[in-house]
Every structure is written in structure tokens, then in C-alpha cells.
Amino acid sequence: ASALHVTNPFMLQHAQEARGYMLAVLLVLMGQLALLRVVERGGVRWVALYAVSQGLAAYAHLFALWILGAQLIAWAPLYLAPSARRRAMLVALLLAGLLGVPLLWQIAGTGAAQVGWIRPVSGPALLALPLVWTGGDAALALATCALFACFARGLWASEQSLRRETRWVVAWLVVPTLAALIVSLCIAPMLLPKYLIMSVPALQLAAAVSLTRAPRRLGFASAALLIGLAALRVEHG
């Protein structure tokens, strides 16, 4: 997953810009790791790290709030589980949400003026999202989407832990994208690939996990091919 991330042309492009996109990605990744630790182990330090990371991510980029929504949906089955870890998770989510309240208040006052330049959503633009996220290479986009689809089959697995982990990663990508699409259709256009950059690691993580589940030689060969395609795209981009 790390190799797919660091060779991703889309990520590398935005890493060279003096904008808050990569800071938001870093904070979201820290928050996701901390929340996973909260679910697995509990602990005040993980709760604090998650709340601070996820809360600050929204100030780096507004769309980090969709990540919080994805987490609320992904971990919903655990809300009724009677355990200390459940309480720790709920506290962590609540604290992160409270940190974002002032930002929501500001947005309510400014309205949609800051996104007035974005074009309305179109079918081709929506279908092109994976192509943009993977750096513009059609073969790389198709392969990554196929690997994501293979990973998503875990939603129907018999093992509860596998379903939980799959739900977490799938929601990380799908929920923000759907939320941005619905808002774009009903309120104001705001569906841009770069605005959803914080969900791209979920696509890479799912692809990497699918490769590890393949036979060793096939997995290594496929991973090398994907990384090679991405590296070529960077070189000639």
C-alpha cells in the first residue's frame, strides 16, 4: 500500500503544491490508524490522537468531514456492543465531531460562494474519478478498480472481523464520494477529484490487500506491474 501511495502520480502532483491537501491526507491517515487502535485496544491516548487528528483534518480541508461520516457508518454495528472499547470509540467520534462544529458554523454563514466556480456534475466526470485518482493511466485505473471490487467482496464474508475491516475501507472511499455527489446534485457543485484526495488511500489500501491475497508470484508480479505503470506515468507526466 505504501509503494502504491508514494508512486501515485495524483498524490505526487498535489504533494508539490503549497496547499492543504496532503496535510489533510496525513491527518486523516493518523485519525484512521488511531480509530482502529481505539476499536482494537481502547486507551485514552488513542482517543485523544484520533480526536485531534480527525478534528484538525477538517480545518485542513472541509471534505475531511465526509471521512468522519464514513467512520460513523463503518463502525455503526459496534455501537450496541457492551464494551469499554465501544464507549472509547463513541467518545472519540464525539470529540472529533465537536472540533468540527465551529467550521460548520462558519460554512453556514458563507454559503456556497467559495465553490461557485465548479462545474455541474456530469456522467463522464463521475466515471473519470478513478482515472484521475490513479494518475490518468486507463490500464492502471481499470486494474485498481478491479482490485477494489475483489476487496469489497469481503463485505459478504462469513468472518465478522473481515466484514468489519472491509466495511471500514469501502466506506472510506464510497461514503465521501456519494456525499459529494448528492450535495453537488441537490445544493451546489463540489465534486472534484482533488477534493476527495483523502479517500484515495482507501483505494490503494484495498488494491494492496487484494494483491496480498493472490498467489504469491501473481501478487508480486501484479504489484510490480502497477508500480511500474505508475512510475512511468510520473516520469512522462
# chains A, B, ... in the order shown; residues from 1 in each chain; ligands from 1
>>> residues_around(residues="Arg86 of chain A", least_positions_apart="6", cutoff="12 Å", atoms="only C-alpha atoms", output="PyMOL selection string")
chain A and resi 35-43+47+75-80+92-93
>>> residues_around(residues="Leu29 of chain A", least_positions_apart="6", cutoff="10 Å", atoms="only C-alpha atoms", output="tab-separated table (two decimals) with N, CA, C and O atoms, in the first residue's frame")
chain	number	residue	atom	x	y	z
A	23	LEU	N	-1.64	17.73	3.79
A	23	LEU	CA	-1.78	17.82	5.25
A	23	LEU	C	-3.07	17.13	5.69
A	23	LEU	O	-3.09	16.39	6.69
A	35	LEU	N	-8.22	5.53	15.26
A	35	LEU	CA	-9.56	4.98	15.49
A	35	LEU	C	-9.52	3.46	15.46
A	35	LEU	O	-10.22	2.79	16.24
A	50	TYR	N	-6.92	10.39	17.89
A	50	TYR	CA	-7.95	10.37	16.86
A	50	TYR	C	-8.72	11.68	16.84
A	50	TYR	O	-8.91	12.28	15.76
A	53	SER	N	-6.49	14.52	15.45
A	53	SER	CA	-6.14	14.34	14.04
A	53	SER	C	-7.35	14.54	13.13
A	53	SER	O	-7.29	15.30	12.16
A	54	GLN	N	-8.44	13.85	13.44
A	54	GLN	CA	-9.62	13.94	12.60
A	54	GLN	C	-10.26	15.33	12.68
A	54	GLN	O	-10.75	15.86	11.69
A	57	ALA	N	-8.09	17.70	10.67
A	57	ALA	CA	-8.15	17.41	9.23
A	57	ALA	C	-9.24	18.22	8.55
A	57	ALA	O	-9.07	18.66	7.40
A	198	MET	N	-8.47	12.65	0.15
A	198	MET	CA	-8.32	11.95	1.43
A	198	MET	C	-8.90	10.54	1.40
A	198	MET	O	-8.64	9.73	2.30
A	199	SER	N	-9.68	10.23	0.37
A	199	SER	CA	-10.23	8.88	0.23
A	199	SER	C	-9.40	8.00	-0.69
A	199	SER	O	-9.61	6.78	-0.74
A	201	PRO	N	-6.27	6.99	-0.42
A	201	PRO	CA	-5.55	5.91	0.26
A	201	PRO	C	-6.39	4.66	0.48
A	201	PRO	O	-5.84	3.55	0.53
A	202	ALA	N	-7.70	4.81	0.61
A	202	ALA	CA	-8.56	3.63	0.76
A	202	ALA	C	-8.53	2.77	-0.50
A	202	ALA	O	-8.51	1.53	-0.43
>>> closest_residue(among="A:Leu196, A:Val183, A:Val44, A:Leu126", to="Val25 of chain A", atoms="only C-alpha atoms")
A:Leu196
>>> closest_atom_pairs(of="segment 153-217 of chain A", to="segment 3-8 of chain A", cutoff="9 Å", atoms="only C-alpha atoms", output="Markdown table")
| residue | atom | partner | partner_atom | distance |
| --- | --- | --- | --- | --- |
| A:Val200 | CA | A:His5 | CA | 8.8 |
| A:Pro201 | CA | A:His5 | CA | 6.9 |
| A:Gln204 | CA | A:Leu4 | CA | 6.2 |
| A:Leu205 | CA | A:Leu4 | CA | 8.4 |
| A:Ala207 | CA | A:Leu4 | CA | 8.7 |
| A:Ala208 | CA | A:Leu4 | CA | 7.7 |
>>> write_last_selection(atoms="C-alpha atoms", output="PDB file, in the first residue's frame")
ATOM      1  CA  VAL A 200      -7.649   7.806  -2.347  1.00  0.00           C
ATOM      2  CA  PRO A 201      -5.551   5.912   0.255  1.00  0.00           C
ATOM      3  CA  GLN A 204      -4.700   1.966  -2.642  1.00  0.00           C
ATOM      4  CA  LEU A 205      -5.111   0.004   0.579  1.00  0.00           C
ATOM      5  CA  ALA A 207      -5.746  -2.833  -4.003  1.00  0.00           C
ATOM      6  CA  ALA A 208      -2.746  -3.779  -1.868  1.00  0.00           C
TER       7      ALA A 208
END
>>> residues_around(residues="segment 16-21 of chain A", least_positions_apart="5", cutoff="12 Å", atoms="only C-alpha atoms", output="list of chain:residue names")
A:Pro9, A:Phe10, A:Met11, A:Leu26, A:Leu27, A:Val28, A:Leu56, A:Ala57, A:Ala58, A:Tyr59, A:Ala60, A:His61, A:Leu62, A:Phe63, A:Ala64, A:Pro193, A:Lys194, A:Tyr195, A:Leu196, A:Ile197, A:Met198, A:Ser199, A:Val200
>>> select_by_dssp(residues="segment 52-205 of chain A", states="alpha helix (DSSP H)", output="number ranges by chain")
A: 52-60, 64-74, 84-110, 123-127, 129-133, 138-152, 160-186, 200-205
>>> closest_residue(among="A:Ala230, A:Met89, A:Leu173, A:Ala152", to="Val209 of chain A", atoms="only C-alpha atoms")
A:Ala152
>>> atom_distance(atom1="atom CA of Ala224 of chain A", atom2="atom CA of Gln13 of chain A")
21.3 Å
>>> atom_distance(atom1="atom CA of Leu155 of chain A", atom2="atom CA of Thr177 of chain A")
18.6 Å
>>> atom_distance(atom1="atom CA of Thr212 of chain A", atom2="atom CA of Ala143 of chain A")
14.7 Å
>>> residues_around(residues="Ile118 of chain A", least_positions_apart="3", cutoff="9 Å", atoms="only C-alpha atoms", output="list of chain:residue names")
A:Val115, A:Val121, A:Ala188, A:Pro189, A:Met190, A:Leu191, A:Leu192
>>> decode(residues="segment 141-180 of chain A", atoms="N, CA and C atoms", output="mmCIF file, in the first residue's frame")
data_model
loop_
_atom_site.group_PDB
_atom_site.id
_atom_site.type_symbol
_atom_site.label_atom_id
_atom_site.label_comp_id
_atom_site.auth_asym_id
_atom_site.auth_seq_id
_atom_site.Cartn_x
_atom_site.Cartn_y
_atom_site.Cartn_z
ATOM 1 N N ALA A 141 -5.995 2.462 -13.902
ATOM 2 C CA ALA A 141 -7.288 2.733 -13.281
ATOM 3 C C ALA A 141 -8.173 1.492 -13.283
ATOM 4 N N LEU A 142 -8.221 0.788 -14.410
ATOM 5 C CA LEU A 142 -9.049 -0.417 -14.502
ATOM 6 C C LEU A 142 -8.554 -1.503 -13.549
ATOM 7 N N ALA A 143 -7.238 -1.674 -13.486
ATOM 8 C CA ALA A 143 -6.677 -2.697 -12.609
ATOM 9 C C ALA A 143 -6.950 -2.362 -11.143
ATOM 10 N N THR A 144 -6.800 -1.102 -10.782
ATOM 11 C CA THR A 144 -7.036 -0.695 -9.397
ATOM 12 C C THR A 144 -8.498 -0.868 -9.023
ATOM 13 N N CYS A 145 -9.405 -0.511 -9.924
ATOM 14 C CA CYS A 145 -10.835 -0.683 -9.655
ATOM 15 C C CYS A 145 -11.200 -2.159 -9.534
ATOM 16 N N ALA A 146 -10.586 -2.991 -10.362
ATOM 17 C CA ALA A 146 -10.849 -4.431 -10.282
ATOM 18 C C ALA A 146 -10.366 -4.991 -8.944
ATOM 19 N N LEU A 147 -9.217 -4.549 -8.493
ATOM 20 C CA LEU A 147 -8.705 -4.992 -7.198
ATOM 21 C C LEU A 147 -9.586 -4.492 -6.059
ATOM 22 N N PHE A 148 -10.096 -3.275 -6.191
ATOM 23 C CA PHE A 148 -11.004 -2.758 -5.166
ATOM 24 C C PHE A 148 -12.288 -3.586 -5.118
ATOM 25 N N ALA A 149 -12.798 -3.955 -6.285
ATOM 26 C CA ALA A 149 -14.005 -4.781 -6.329
ATOM 27 C C ALA A 149 -13.761 -6.146 -5.687
ATOM 28 N N CYS A 150 -12.589 -6.729 -5.927
ATOM 29 C CA CYS A 150 -12.250 -8.003 -5.286
ATOM 30 C C CYS A 150 -12.182 -7.846 -3.769
ATOM 31 N N PHE A 151 -11.605 -6.742 -3.331
ATOM 32 C CA PHE A 151 -11.526 -6.487 -1.891
ATOM 33 C C PHE A 151 -12.913 -6.328 -1.289
ATOM 34 N N ALA A 152 -13.811 -5.636 -2.001
ATOM 35 C CA ALA A 152 -15.148 -5.351 -1.473
ATOM 36 C C ALA A 152 -15.985 -6.606 -1.282
ATOM 37 N N ARG A 153 -15.589 -7.716 -1.881
ATOM 38 C CA ARG A 153 -16.316 -8.963 -1.669
ATOM 39 C C ARG A 153 -16.272 -9.395 -0.209
ATOM 40 N N GLY A 154 -15.323 -8.852 0.540
ATOM 41 C CA GLY A 154 -15.237 -9.156 1.957
ATOM 42 C C GLY A 154 -16.426 -8.683 2.759
ATOM 43 N N LEU A 155 -17.247 -7.823 2.174
ATOM 44 C CA LEU A 155 -18.466 -7.372 2.857
ATOM 45 C C LEU A 155 -19.421 -8.533 3.121
ATOM 46 N N TRP A 156 -19.298 -9.585 2.329
ATOM 47 C CA TRP A 156 -20.177 -10.744 2.473
ATOM 48 C C TRP A 156 -19.433 -11.952 3.046
ATOM 49 N N ALA A 157 -18.298 -11.729 3.634
ATOM 50 C CA ALA A 157 -17.514 -12.825 4.203
ATOM 51 C C ALA A 157 -18.195 -13.360 5.455
ATOM 52 N N SER A 158 -17.927 -14.599 5.751
ATOM 53 C CA SER A 158 -18.517 -15.211 6.944
ATOM 54 C C SER A 158 -17.810 -14.757 8.218
ATOM 55 N N GLU A 159 -16.563 -14.364 8.105
ATOM 56 C CA GLU A 159 -15.791 -13.925 9.269
ATOM 57 C C GLU A 159 -16.142 -12.487 9.618
ATOM 58 N N GLN A 160 -16.550 -12.253 10.841
ATOM 59 C CA GLN A 160 -17.005 -10.935 11.258
ATOM 60 C C GLN A 160 -15.902 -9.881 11.173
ATOM 61 N N SER A 161 -14.701 -10.230 11.610
ATOM 62 C CA SER A 161 -13.606 -9.264 11.584
ATOM 63 C C SER A 161 -13.264 -8.844 10.161
ATOM 64 N N LEU A 162 -13.357 -9.779 9.219
ATOM 65 C CA LEU A 162 -13.086 -9.449 7.820
ATOM 66 C C LEU A 162 -14.159 -8.514 7.282
ATOM 67 N N ARG A 163 -15.429 -8.780 7.603
ATOM 68 C CA ARG A 163 -16.502 -7.882 7.177
ATOM 69 C C ARG A 163 -16.306 -6.494 7.750
ATOM 70 N N ARG A 164 -15.890 -6.421 9.006
ATOM 71 C CA ARG A 164 -15.707 -5.129 9.669
ATOM 72 C C ARG A 164 -14.598 -4.322 9.003
ATOM 73 N N GLU A 165 -13.463 -4.964 8.750
ATOM 74 C CA GLU A 165 -12.348 -4.264 8.131
ATOM 75 C C GLU A 165 -12.675 -3.849 6.701
ATOM 76 N N THR A 166 -13.390 -4.714 5.979
ATOM 77 C CA THR A 166 -13.777 -4.379 4.609
ATOM 78 C C THR A 166 -14.738 -3.207 4.607
ATOM 79 N N ARG A 167 -15.696 -3.230 5.505
ATOM 80 C CA ARG A 167 -16.673 -2.139 5.600
ATOM 81 C C ARG A 167 -15.983 -0.810 5.892
ATOM 82 N N TRP A 168 -14.973 -0.856 6.738
ATOM 83 C CA TRP A 168 -14.225 0.350 7.098
ATOM 84 C C TRP A 168 -13.551 0.969 5.865
ATOM 85 N N VAL A 169 -12.838 0.145 5.063
ATOM 86 C CA VAL A 169 -12.111 0.660 3.911
ATOM 87 C C VAL A 169 -13.062 1.083 2.797
ATOM 88 N N VAL A 170 -14.085 0.282 2.538
ATOM 89 C CA VAL A 170 -15.046 0.616 1.479
ATOM 90 C C VAL A 170 -15.778 1.911 1.804
ATOM 91 N N ALA A 171 -16.200 2.073 3.043
ATOM 92 C CA ALA A 171 -16.878 3.303 3.441
ATOM 93 C C ALA A 171 -15.962 4.510 3.308
ATOM 94 N N TRP A 172 -14.689 4.323 3.584
ATOM 95 C CA TRP A 172 -13.697 5.396 3.481
ATOM 96 C C TRP A 172 -13.674 5.989 2.071
ATOM 97 N N LEU A 173 -13.855 5.156 1.061
ATOM 98 C CA LEU A 173 -13.857 5.636 -0.320
ATOM 99 C C LEU A 173 -15.248 6.020 -0.798
ATOM 100 N N VAL A 174 -16.231 5.176 -0.516
ATOM 101 C CA VAL A 174 -17.552 5.325 -1.126
ATOM 102 C C VAL A 174 -18.378 6.433 -0.480
ATOM 103 N N VAL A 175 -18.378 6.516 0.846
ATOM 104 C CA VAL A 175 -19.242 7.484 1.526
ATOM 105 C C VAL A 175 -18.899 8.926 1.166
ATOM 106 N N PRO A 176 -17.630 9.363 1.240
ATOM 107 C CA PRO A 176 -17.339 10.748 0.833
ATOM 108 C C PRO A 176 -17.692 11.038 -0.623
ATOM 109 N N THR A 177 -17.461 10.060 -1.494
ATOM 110 C CA THR A 177 -17.772 10.261 -2.911
ATOM 111 C C THR A 177 -19.273 10.427 -3.118
ATOM 112 N N LEU A 178 -20.065 9.555 -2.505
ATOM 113 C CA LEU A 178 -21.523 9.667 -2.625
ATOM 114 C C LEU A 178 -22.042 10.951 -1.979
ATOM 115 N N ALA A 179 -21.472 11.317 -0.836
ATOM 116 C CA ALA A 179 -21.900 12.538 -0.165
ATOM 117 C C ALA A 179 -21.636 13.759 -1.040
ATOM 118 N N ALA A 180 -20.442 13.813 -1.626
ATOM 119 C CA ALA A 180 -20.111 14.933 -2.509
ATOM 120 C C ALA A 180 -21.010 14.950 -3.737
#
